[in-house]
Each structure stands twice: as C-alpha cells, then as structure tokens.
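J.: Below is the file query-v7.cif, which contains mmCIF, C-alpha atoms.
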```cif
data_input
loop_
_atom_site.group_PDB
_atom_site.id
_atom_site.type_symbol
_atom_site.label_atom_id
_atom_site.label_comp_id
_atom_site.auth_asym_id
_atom_site.auth_seq_id
_atom_site.Cartn_x
_atom_site.Cartn_y
_atom_site.Cartn_z
ATOM 1 C CA MET A 1 253.300 70.072 53.852
ATOM 2 C CA LEU A 2 249.584 69.723 54.529
ATOM 3 C CA ARG A 3 247.945 66.886 52.647
ATOM 4 C CA ASN A 4 244.327 66.778 51.468
ATOM 5 C CA SER A 5 243.661 63.450 53.204
ATOM 6 C CA TYR A 6 245.339 64.440 56.446
ATOM 7 C CA ASN A 7 244.237 62.386 59.438
ATOM 8 C CA LEU A 8 244.331 64.313 62.720
ATOM 9 C CA LEU A 9 245.614 61.313 64.650
ATOM 10 C CA GLN A 10 248.332 60.108 62.233
ATOM 11 C CA TYR A 11 251.386 61.876 60.904
ATOM 12 C CA ASP A 12 254.783 60.993 59.447
ATOM 13 C CA ASP A 13 257.580 60.019 61.840
ATOM 14 C CA LEU A 14 259.895 62.640 60.376
ATOM 15 C CA GLU A 15 257.458 65.479 61.044
ATOM 16 C CA LYS A 16 255.910 64.338 64.334
ATOM 17 C CA CYS A 17 258.640 65.732 66.578
ATOM 18 C CA LEU A 18 258.346 69.226 65.127
ATOM 19 C CA GLU A 19 254.616 69.846 64.973
ATOM 20 C CA VAL A 20 251.483 70.393 67.009
ATOM 21 C CA ILE A 21 248.254 69.506 65.190
ATOM 22 C CA TYR A 22 245.027 71.369 65.986
ATOM 23 C CA THR A 23 241.496 72.144 64.874
ATOM 24 C CA THR A 24 239.438 75.250 65.533
ATOM 25 C CA THR A 25 235.736 76.015 65.678
ATOM 26 C CA ASP A 26 235.999 78.633 62.926
ATOM 27 C CA GLY A 27 238.746 77.291 60.633
ATOM 28 C CA ALA A 28 241.130 80.081 61.607
ATOM 29 C CA ILE A 29 244.741 79.740 62.720
ATOM 30 C CA VAL A 30 245.557 80.058 66.417
ATOM 31 C CA SER A 31 247.891 82.705 67.831
ATOM 32 C CA PRO A 32 250.261 81.043 70.300
ATOM 33 C CA ARG A 33 252.301 82.949 72.854
ATOM 34 C CA LEU A 34 255.976 82.041 73.055
ATOM 35 C CA PRO A 35 258.137 83.474 75.804
ATOM 36 C CA GLU A 36 261.075 85.534 74.618
ATOM 37 C CA ARG A 37 263.356 83.923 77.177
ATOM 38 C CA ASP A 38 263.668 80.442 78.622
ATOM 39 C CA TYR A 39 262.146 78.720 75.593
ATOM 40 C CA ASN A 40 264.645 77.522 73.057
ATOM 41 C CA ASN A 41 262.322 76.991 70.082
ATOM 42 C CA LYS A 42 260.316 79.015 67.584
ATOM 43 C CA ILE A 43 257.391 78.482 65.253
ATOM 44 C CA VAL A 44 258.429 78.429 61.600
ATOM 45 C CA MET A 45 254.945 77.838 60.171
ATOM 46 C CA ASN A 46 251.340 78.162 61.323
ATOM 47 C CA ALA A 47 248.832 77.037 58.702
ATOM 48 C CA TYR A 48 245.237 75.824 58.535
ATOM 49 C CA CYS A 49 244.164 73.798 55.520
ATOM 50 C CA ASN A 50 241.345 71.317 54.850
ATOM 51 C CA GLY A 51 240.077 71.454 58.417
ATOM 52 C CA VAL A 52 243.420 70.869 60.149
ATOM 53 C CA GLY A 53 245.967 73.293 61.553
ATOM 54 C CA LYS A 54 249.682 72.765 62.059
ATOM 55 C CA LEU A 55 252.155 74.636 64.192
ATOM 56 C CA ILE A 56 255.596 73.642 62.927
ATOM 57 C CA PHE A 57 258.566 74.380 65.151
ATOM 58 C CA ALA A 58 262.234 74.816 64.234
ATOM 59 C CA LYS A 59 263.361 72.135 66.723
ATOM 60 C CA GLU A 60 261.952 69.038 68.349
ATOM 61 C CA ILE A 61 259.141 69.906 70.771
ATOM 62 C CA THR A 62 259.960 68.797 74.317
ATOM 63 C CA SER A 63 257.615 71.121 76.195
ATOM 64 C CA ILE A 64 254.650 73.431 75.743
ATOM 65 C CA PRO A 65 255.408 76.815 77.343
ATOM 66 C CA ALA A 66 253.303 78.607 79.956
ATOM 67 C CA TRP A 67 250.306 80.543 78.567
ATOM 68 C CA PHE A 68 250.936 79.007 75.094
ATOM 69 C CA LEU A 69 247.325 79.007 73.847
ATOM 70 C CA SER A 70 245.542 80.233 76.971
ATOM 71 C CA GLU A 71 242.129 81.825 76.420
ATOM 72 C CA CYS A 72 242.121 80.708 72.767
ATOM 73 C CA ASP A 73 238.346 80.551 72.354
ATOM 74 C CA ASN A 74 238.373 78.917 68.917
ATOM 75 C CA LEU A 75 240.698 75.990 69.816
ATOM 76 C CA LYS A 76 238.725 72.735 69.497
ATOM 77 C CA SER A 77 241.318 69.923 69.560
ATOM 78 C CA ILE A 78 245.051 69.461 69.892
ATOM 79 C CA VAL A 79 247.503 66.613 69.286
ATOM 80 C CA LEU A 80 250.879 66.903 70.988
ATOM 81 C CA PRO A 81 253.901 65.019 69.621
ATOM 82 C CA PRO A 82 255.340 62.001 71.468
ATOM 83 C CA THR A 83 258.493 64.020 72.208
ATOM 84 C CA CYS A 84 256.562 66.554 74.333
ATOM 85 C CA LYS A 85 257.298 65.733 77.994
ATOM 86 C CA VAL A 86 256.065 68.818 79.906
ATOM 87 C CA ILE A 87 252.999 71.038 79.580
ATOM 88 C CA HIS A 88 253.709 74.208 81.555
ATOM 89 C CA ASP A 89 251.291 76.172 83.713
ATOM 90 C CA HIS A 90 248.266 77.793 82.072
ATOM 91 C CA ALA A 91 249.272 76.443 78.609
ATOM 92 C CA PHE A 92 245.632 75.858 77.565
ATOM 93 C CA PHE A 93 243.926 77.757 80.391
ATOM 94 C CA ASN A 94 240.332 78.869 79.658
ATOM 95 C CA CYS A 95 240.164 77.339 76.170
ATOM 96 C CA ARG A 96 236.432 76.867 76.643
ATOM 97 C CA ASN A 97 235.835 75.102 73.306
ATOM 98 C CA LEU A 98 238.732 72.650 73.704
ATOM 99 C CA GLU A 99 237.051 69.224 73.495
ATOM 100 C CA SER A 100 239.852 66.815 72.579
ATOM 101 C CA VAL A 101 243.494 66.462 73.624
ATOM 102 C CA LYS A 102 246.049 63.801 72.717
ATOM 103 C CA LEU A 103 248.836 64.111 75.280
ATOM 104 C CA GLY A 104 251.490 62.158 73.343
ATOM 105 C CA GLY A 105 254.387 61.231 75.635
ATOM 106 C CA VAL A 106 253.687 63.827 78.323
ATOM 107 C CA ARG A 107 255.251 63.132 81.734
ATOM 108 C CA VAL A 108 254.325 66.303 83.636
ATOM 109 C CA VAL A 109 251.260 68.563 83.465
ATOM 110 C CA LYS A 110 251.725 71.735 85.498
ATOM 111 C CA GLU A 111 249.293 74.012 87.382
ATOM 112 C CA TYR A 112 246.131 75.128 85.571
ATOM 113 C CA ALA A 113 247.413 73.735 82.224
ATOM 114 C CA PHE A 114 243.889 72.664 81.180
ATOM 115 C CA ALA A 115 241.824 74.512 83.787
ATOM 116 C CA GLY A 116 238.627 76.064 82.479
ATOM 117 C CA THR A 117 238.557 74.016 79.263
ATOM 118 C CA GLY A 118 235.625 72.306 77.579
ATOM 119 C CA LEU A 119 237.192 68.842 77.948
ATOM 120 C CA LYS A 120 234.635 66.199 78.906
ATOM 121 C CA LYS A 121 237.074 63.274 79.046
ATOM 122 C CA ILE A 122 240.816 62.766 79.020
ATOM 123 C CA LYS A 123 243.107 59.770 78.583
ATOM 124 C CA ILE A 124 246.195 60.083 80.739
ATOM 125 C CA PRO A 125 249.037 58.194 78.987
ATOM 126 C CA PRO A 126 251.183 55.705 80.912
ATOM 127 C CA THR A 127 254.123 58.101 80.499
ATOM 128 C CA CYS A 128 252.434 60.723 82.707
ATOM 129 C CA LEU A 129 253.937 60.644 86.175
ATOM 130 C CA TYR A 130 252.839 63.947 87.686
ATOM 131 C CA LEU A 131 249.799 66.212 87.509
ATOM 132 C CA SER A 132 250.163 69.481 89.398
ATOM 133 C CA SER A 133 247.478 71.103 91.495
ATOM 134 C CA PHE A 134 244.476 72.362 89.542
ATOM 135 C CA ALA A 135 245.783 70.954 86.204
ATOM 136 C CA PHE A 136 242.210 70.274 84.979
ATOM 137 C CA TYR A 137 240.336 72.340 87.568
ATOM 138 C CA HIS A 138 237.137 74.179 86.572
ATOM 139 C CA SER A 139 236.952 72.288 83.305
ATOM 140 C CA THR A 140 233.883 70.339 82.226
ATOM 141 C CA LEU A 141 235.853 67.109 82.712
ATOM 142 C CA GLN A 142 233.643 64.150 83.593
ATOM 143 C CA VAL A 143 235.762 61.085 82.744
ATOM 144 C CA VAL A 144 239.442 60.392 83.400
ATOM 145 C CA LYS A 145 240.928 57.259 81.880
ATOM 146 C CA LEU A 146 244.342 55.964 82.907
ATOM 147 C CA LYS A 147 246.162 53.384 80.829
ATOM 148 C CA ASN A 148 248.098 50.945 83.016
ATOM 149 C CA PRO A 149 247.617 52.925 86.241
ATOM 150 C CA THR A 150 250.023 50.700 88.149
ATOM 151 C CA ALA A 151 252.723 50.661 85.439
ATOM 152 C CA ALA A 152 254.713 53.430 87.138
ATOM 153 C CA TYR A 153 254.511 55.588 90.213
ATOM 154 C CA ARG A 154 252.196 58.518 89.624
ATOM 155 C CA TYR A 155 251.462 61.519 91.778
ATOM 156 C CA PHE A 156 248.453 63.734 91.277
ATOM 157 C CA ASP A 157 248.365 66.878 93.427
ATOM 158 C CA ALA A 158 245.414 68.354 95.290
ATOM 159 C CA TYR A 159 242.482 69.196 93.052
ATOM 160 C CA ALA A 160 244.323 68.098 89.896
ATOM 161 C CA PHE A 161 240.957 67.136 88.392
ATOM 162 C CA GLY A 162 238.356 68.876 90.514
ATOM 163 C CA LYS A 163 234.982 67.150 90.693
ATOM 164 C CA LEU A 164 234.452 64.188 88.392
ATOM 165 C CA VAL A 165 231.527 61.971 87.518
ATOM 166 C CA LYS A 166 233.493 58.890 86.405
ATOM 167 C CA MET A 167 237.037 57.568 86.550
ATOM 168 C CA GLN A 168 238.158 54.648 84.394
ATOM 169 C CA GLY A 169 241.125 52.433 85.159
ATOM 170 C CA ILE A 170 241.443 53.428 88.832
ATOM 171 C CA SER A 171 239.581 53.355 92.066
ATOM 172 C CA LYS A 172 238.870 56.873 93.238
ATOM 173 C CA TYR A 173 241.679 57.058 95.793
ATOM 174 C CA ASP A 174 244.099 54.277 94.794
ATOM 175 C CA ASP A 175 247.661 55.530 95.251
ATOM 176 C CA PHE A 176 246.722 59.154 94.588
ATOM 177 C CA SER A 177 246.286 62.211 96.728
ATOM 178 C CA GLN A 178 242.781 61.910 98.129
ATOM 179 C CA THR A 179 242.055 65.500 97.184
ATOM 180 C CA ALA A 180 243.149 65.100 93.536
ATOM 181 C CA PHE A 181 239.526 64.457 92.613
ATOM 182 C CA GLY A 182 237.944 67.350 94.493
#
```
Go through the file and emit its structure as structure tokens.
T.:
Amino acid sequence: MLRNSYNLLQYDDLEKCLEVIYTTTDGAIVSPRLPERDYNNKIVMNAYCNGVGKLIFAKEITSIPAWFLSECDNLKSIVLPPTCKVIHDHAFFNCRNLESVKLGGVRVVKEYAFAGTGLKKIKIPPTCLYLSSFAFYHSTLQVVKLKNPTAAYRYFDAYAFGKLVKMQGISKYDDFSQTAFG
C-alpha cells in the first residue's frame, strides 16, 4: 500500500477517503485514541514507511474524534482526507511538534482541536464554516490564511486563534467575532 515515491500531498482517489497521512519527528508510528462508543469506524492499518505514515480506516473518514492524537509529541504533519468534515475537541491538543496541517474538506473545528500545537501558519479551506472557541489557542500560530473569505458565511468563536501576528485574506475583524483573534 505504501509506495517508495509517495508524495505527502497527493494520493489515489480510491484510498483518499479511508486514510490519514502523517509524518513524525522520529519515524515512529503514532498511537491514536479511538472512543469505544459514538465513533463508527476503526483503524485497520497503521504503518510508517519511507518517511510517511498512514492510518487506514475501515470506512470513509467523516470526522476526527475527540482526543484522537492529543499530546502526541512526535507528530510533525498531518493530511486529512477531503471527506473529513469535523475535527472534534482536543483532537490534536498539545502536539507541540505539529508544524503542518492540511484540513481537507473540514467544515467544523471544535474546542481546543489544535490548541498548544507548534503550528506557525494555517490555511483555512473555503469549506470551513465554524471554528469553536480556543480551536488554535496557545499554539505558536502566527499566520492565518483564508481562501475566499466571503464565499460562505463563517463564524469563528471567541479566542479561536488567540494572538496572531498576521492574517491573510481578511481584515482583522471583518465578519468575525472581534475576540476570535485574542
């Protein structure tokens, strides 16, 4: 399943709905937490080969559960599939070495999902309509880039980002909660 020339940002259409791609600082696999109830999916394979890891699920991924990879110190980057619509609370909380995230087709990011991460910048896709309070709080986030910020109604709760140095694609308070940016 893993190919030698695997590109972190490209994968086959057939596989893309079933997998989460990741890299780690030490080349080791990650140990995700899946709730026993209220999550109707399971991981069928977790492998790391040639610098890239894959979590392959039994069914199409529509959400990332709460506390999924929280406090995973070796997580460096993650690519979510376009079918993933919700990232639940604390999913990547305190992943201090997490530097890169591709949000795919995410529509909702819940409380503290990326709080305490090492992210320096994030691109919010046009599909994202809602960021809960403290979604990126206490991260090292400095730049937020929105694609087509006026394409759809978006709501970002209080302190969704915390304090930022630079925002691209929006004026600081255009159509958003004034406190979303700390």
J.: For range 127-138 of chain A, please output as a PyMOL selection string all residues within 7 Å (counting only C-alpha atoms; exclusion window: fewer than 4 positions along the same chain).
T.: chain A and resi 105-116+153-162
J.: Near Pro65 in chain A, within 8 Å and counting only C-alpha atoms, which residues show up once chain neighbours fewer than 6 positions away are dropped, as an NGL selection string?
T.: :A and (34-35 or 39 or 87-89 or 91)
J.: Can you pull out the residues contacting range 28-30 of chain A? Cut-off 9 Å, using only C-alpha atoms, and skip same-chain residues under 6 positions away; I want them as a PyMOL selection string.
T.: chain A and resi 22+46-48+53-55+69+72+74-75
J.: As a check of understanding, name the residues that the PyMOL selection byres ((chain A and resi 119) around 7) selects in the supplied structure, as a PDB file with C-alpha atoms, in the coordinates of the input.
T.:
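Below is the file part.pdb, written as the result:
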```pdb
ATOM      1  CA  LEU A  98     238.732  72.650  73.704  1.00  0.00           C
ATOM      2  CA  GLU A  99     237.051  69.224  73.495  1.00  0.00           C
ATOM      3  CA  SER A 100     239.852  66.815  72.579  1.00  0.00           C
ATOM      4  CA  THR A 117     238.557  74.016  79.263  1.00  0.00           C
ATOM      5  CA  GLY A 118     235.625  72.306  77.579  1.00  0.00           C
ATOM      6  CA  LYS A 120     234.635  66.199  78.906  1.00  0.00           C
ATOM      7  CA  LYS A 121     237.074  63.274  79.046  1.00  0.00           C
ATOM      8  CA  SER A 139     236.952  72.288  83.305  1.00  0.00           C
ATOM      9  CA  THR A 140     233.883  70.339  82.226  1.00  0.00           C
ATOM     10  CA  LEU A 141     235.853  67.109  82.712  1.00  0.00           C
TER      11      LEU A 141
END
```
J.: Tell me which protein, DNA and RNA residues are within 6 Å of Ser63 in chain A, counting only C-alpha atoms, leaving out same-chain ones fewer than 4 positions away, and put them as a list in words.
T.: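 Selected residues are Cys84, Lys85, Val86 and Ile87 of chain A.
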J.: Could you give me the centre and size, in Å to one decimal, of an axis-aligned box around all listed atoms of range 102-120 of chain A with 6 Å added on every side, as AutoDock Vina command-line options?
T.:
```
--center_x 244.9 --center_y 68.6 --center_z 80.0 --size_x 32.6 --size_y 26.8 --size_z 26.7
```
J.: Return the single residue from A:Ser31, A:Asn94, A:Thr25, A:Ser70 that is closest to Ile43 in chain A, with distances computed using only C-alpha atoms.
T.: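 Looking at the shortest contact to Ile43 in chain A, the residue is A:Ser31.
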J.: Work out how far CA of Ala66 in chain A is from CA of Cys95 in chain A, in Å to one decimal.
T.: 13.7 Å
J.: Under the rule that all atoms listed in the file are counted, which of A:Trp67, A:Ile124, A:Val20, A:Thr62 is the nearest residue to Met45 in chain A?
T.: A:Val20
J.: Measuring between only C-alpha atoms, which one of A:Lys42, A:Phe68, A:Pro126, A:Thr24 shows the shortest distance to Arg96 in chain A?
T.: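 Ranking A:Lys42, A:Phe68, A:Pro126, A:Thr24 by distance to Arg96 in chain A, first place goes to A:Thr24.
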J.: CA of Asp73 in chain A and CA of Glu60 in chain A, how far apart in Å?
T.: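 Between CA of Glu60 in chain A and CA of Asp73 in chain A the gap is 26.6 Å.
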J.: Would you work out the distance separating CA of Leu146 in chain A from CA of Val79 in chain A, expressed in Å to one decimal?
T.: 17.6 Å
J.: Which one of A:Gly104, A:Thr23, A:Glu71, A:Val143 sits closest to Asn50 in chain A if you count only C-alpha atoms?
T.: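 For Asn50 in chain A, the nearest of the candidates is A:Thr23.
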J.: Name the residues within 7 Å of (244.4, 60.1, 79.1), counting all atoms listed in the file in the file's coordinates, and put them as a PyMOL selection string.
T.: chain A and resi 122-125+144-146
J.: Give me a file of those residues, with C-alpha atoms, as a PDB file, keeping the file's coordinate frame.
T.:
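Result saved to out.pdb:
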```
ATOM      1  CA  ILE A 122     240.816  62.766  79.020  1.00  0.00           C
ATOM      2  CA  LYS A 123     243.107  59.770  78.583  1.00  0.00           C
ATOM      3  CA  ILE A 124     246.195  60.083  80.739  1.00  0.00           C
ATOM      4  CA  PRO A 125     249.037  58.194  78.987  1.00  0.00           C
ATOM      5  CA  VAL A 144     239.442  60.392  83.400  1.00  0.00           C
ATOM      6  CA  LYS A 145     240.928  57.259  81.880  1.00  0.00           C
ATOM      7  CA  LEU A 146     244.342  55.964  82.907  1.00  0.00           C
TER       8      LEU A 146
END
```
J.: In terms of the shortest atom-to-atom distance over all atoms listed in the file, which of A:Leu103, A:Ile21, A:Val44, A:Ile78 is closest to Phe57 in chain A?
T.: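 Smallest separation from Phe57 in chain A among the options: A:Val44.
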J.: Rank A:Val101, A:Ile64, A:Val52, A:Ala58 by their smallest atom-to-atom distance to Asp26 in chain A, using all atoms listed in the file, and report the top residue only.
T.: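 Under the stated criterion, the closest residue is A:Val52.
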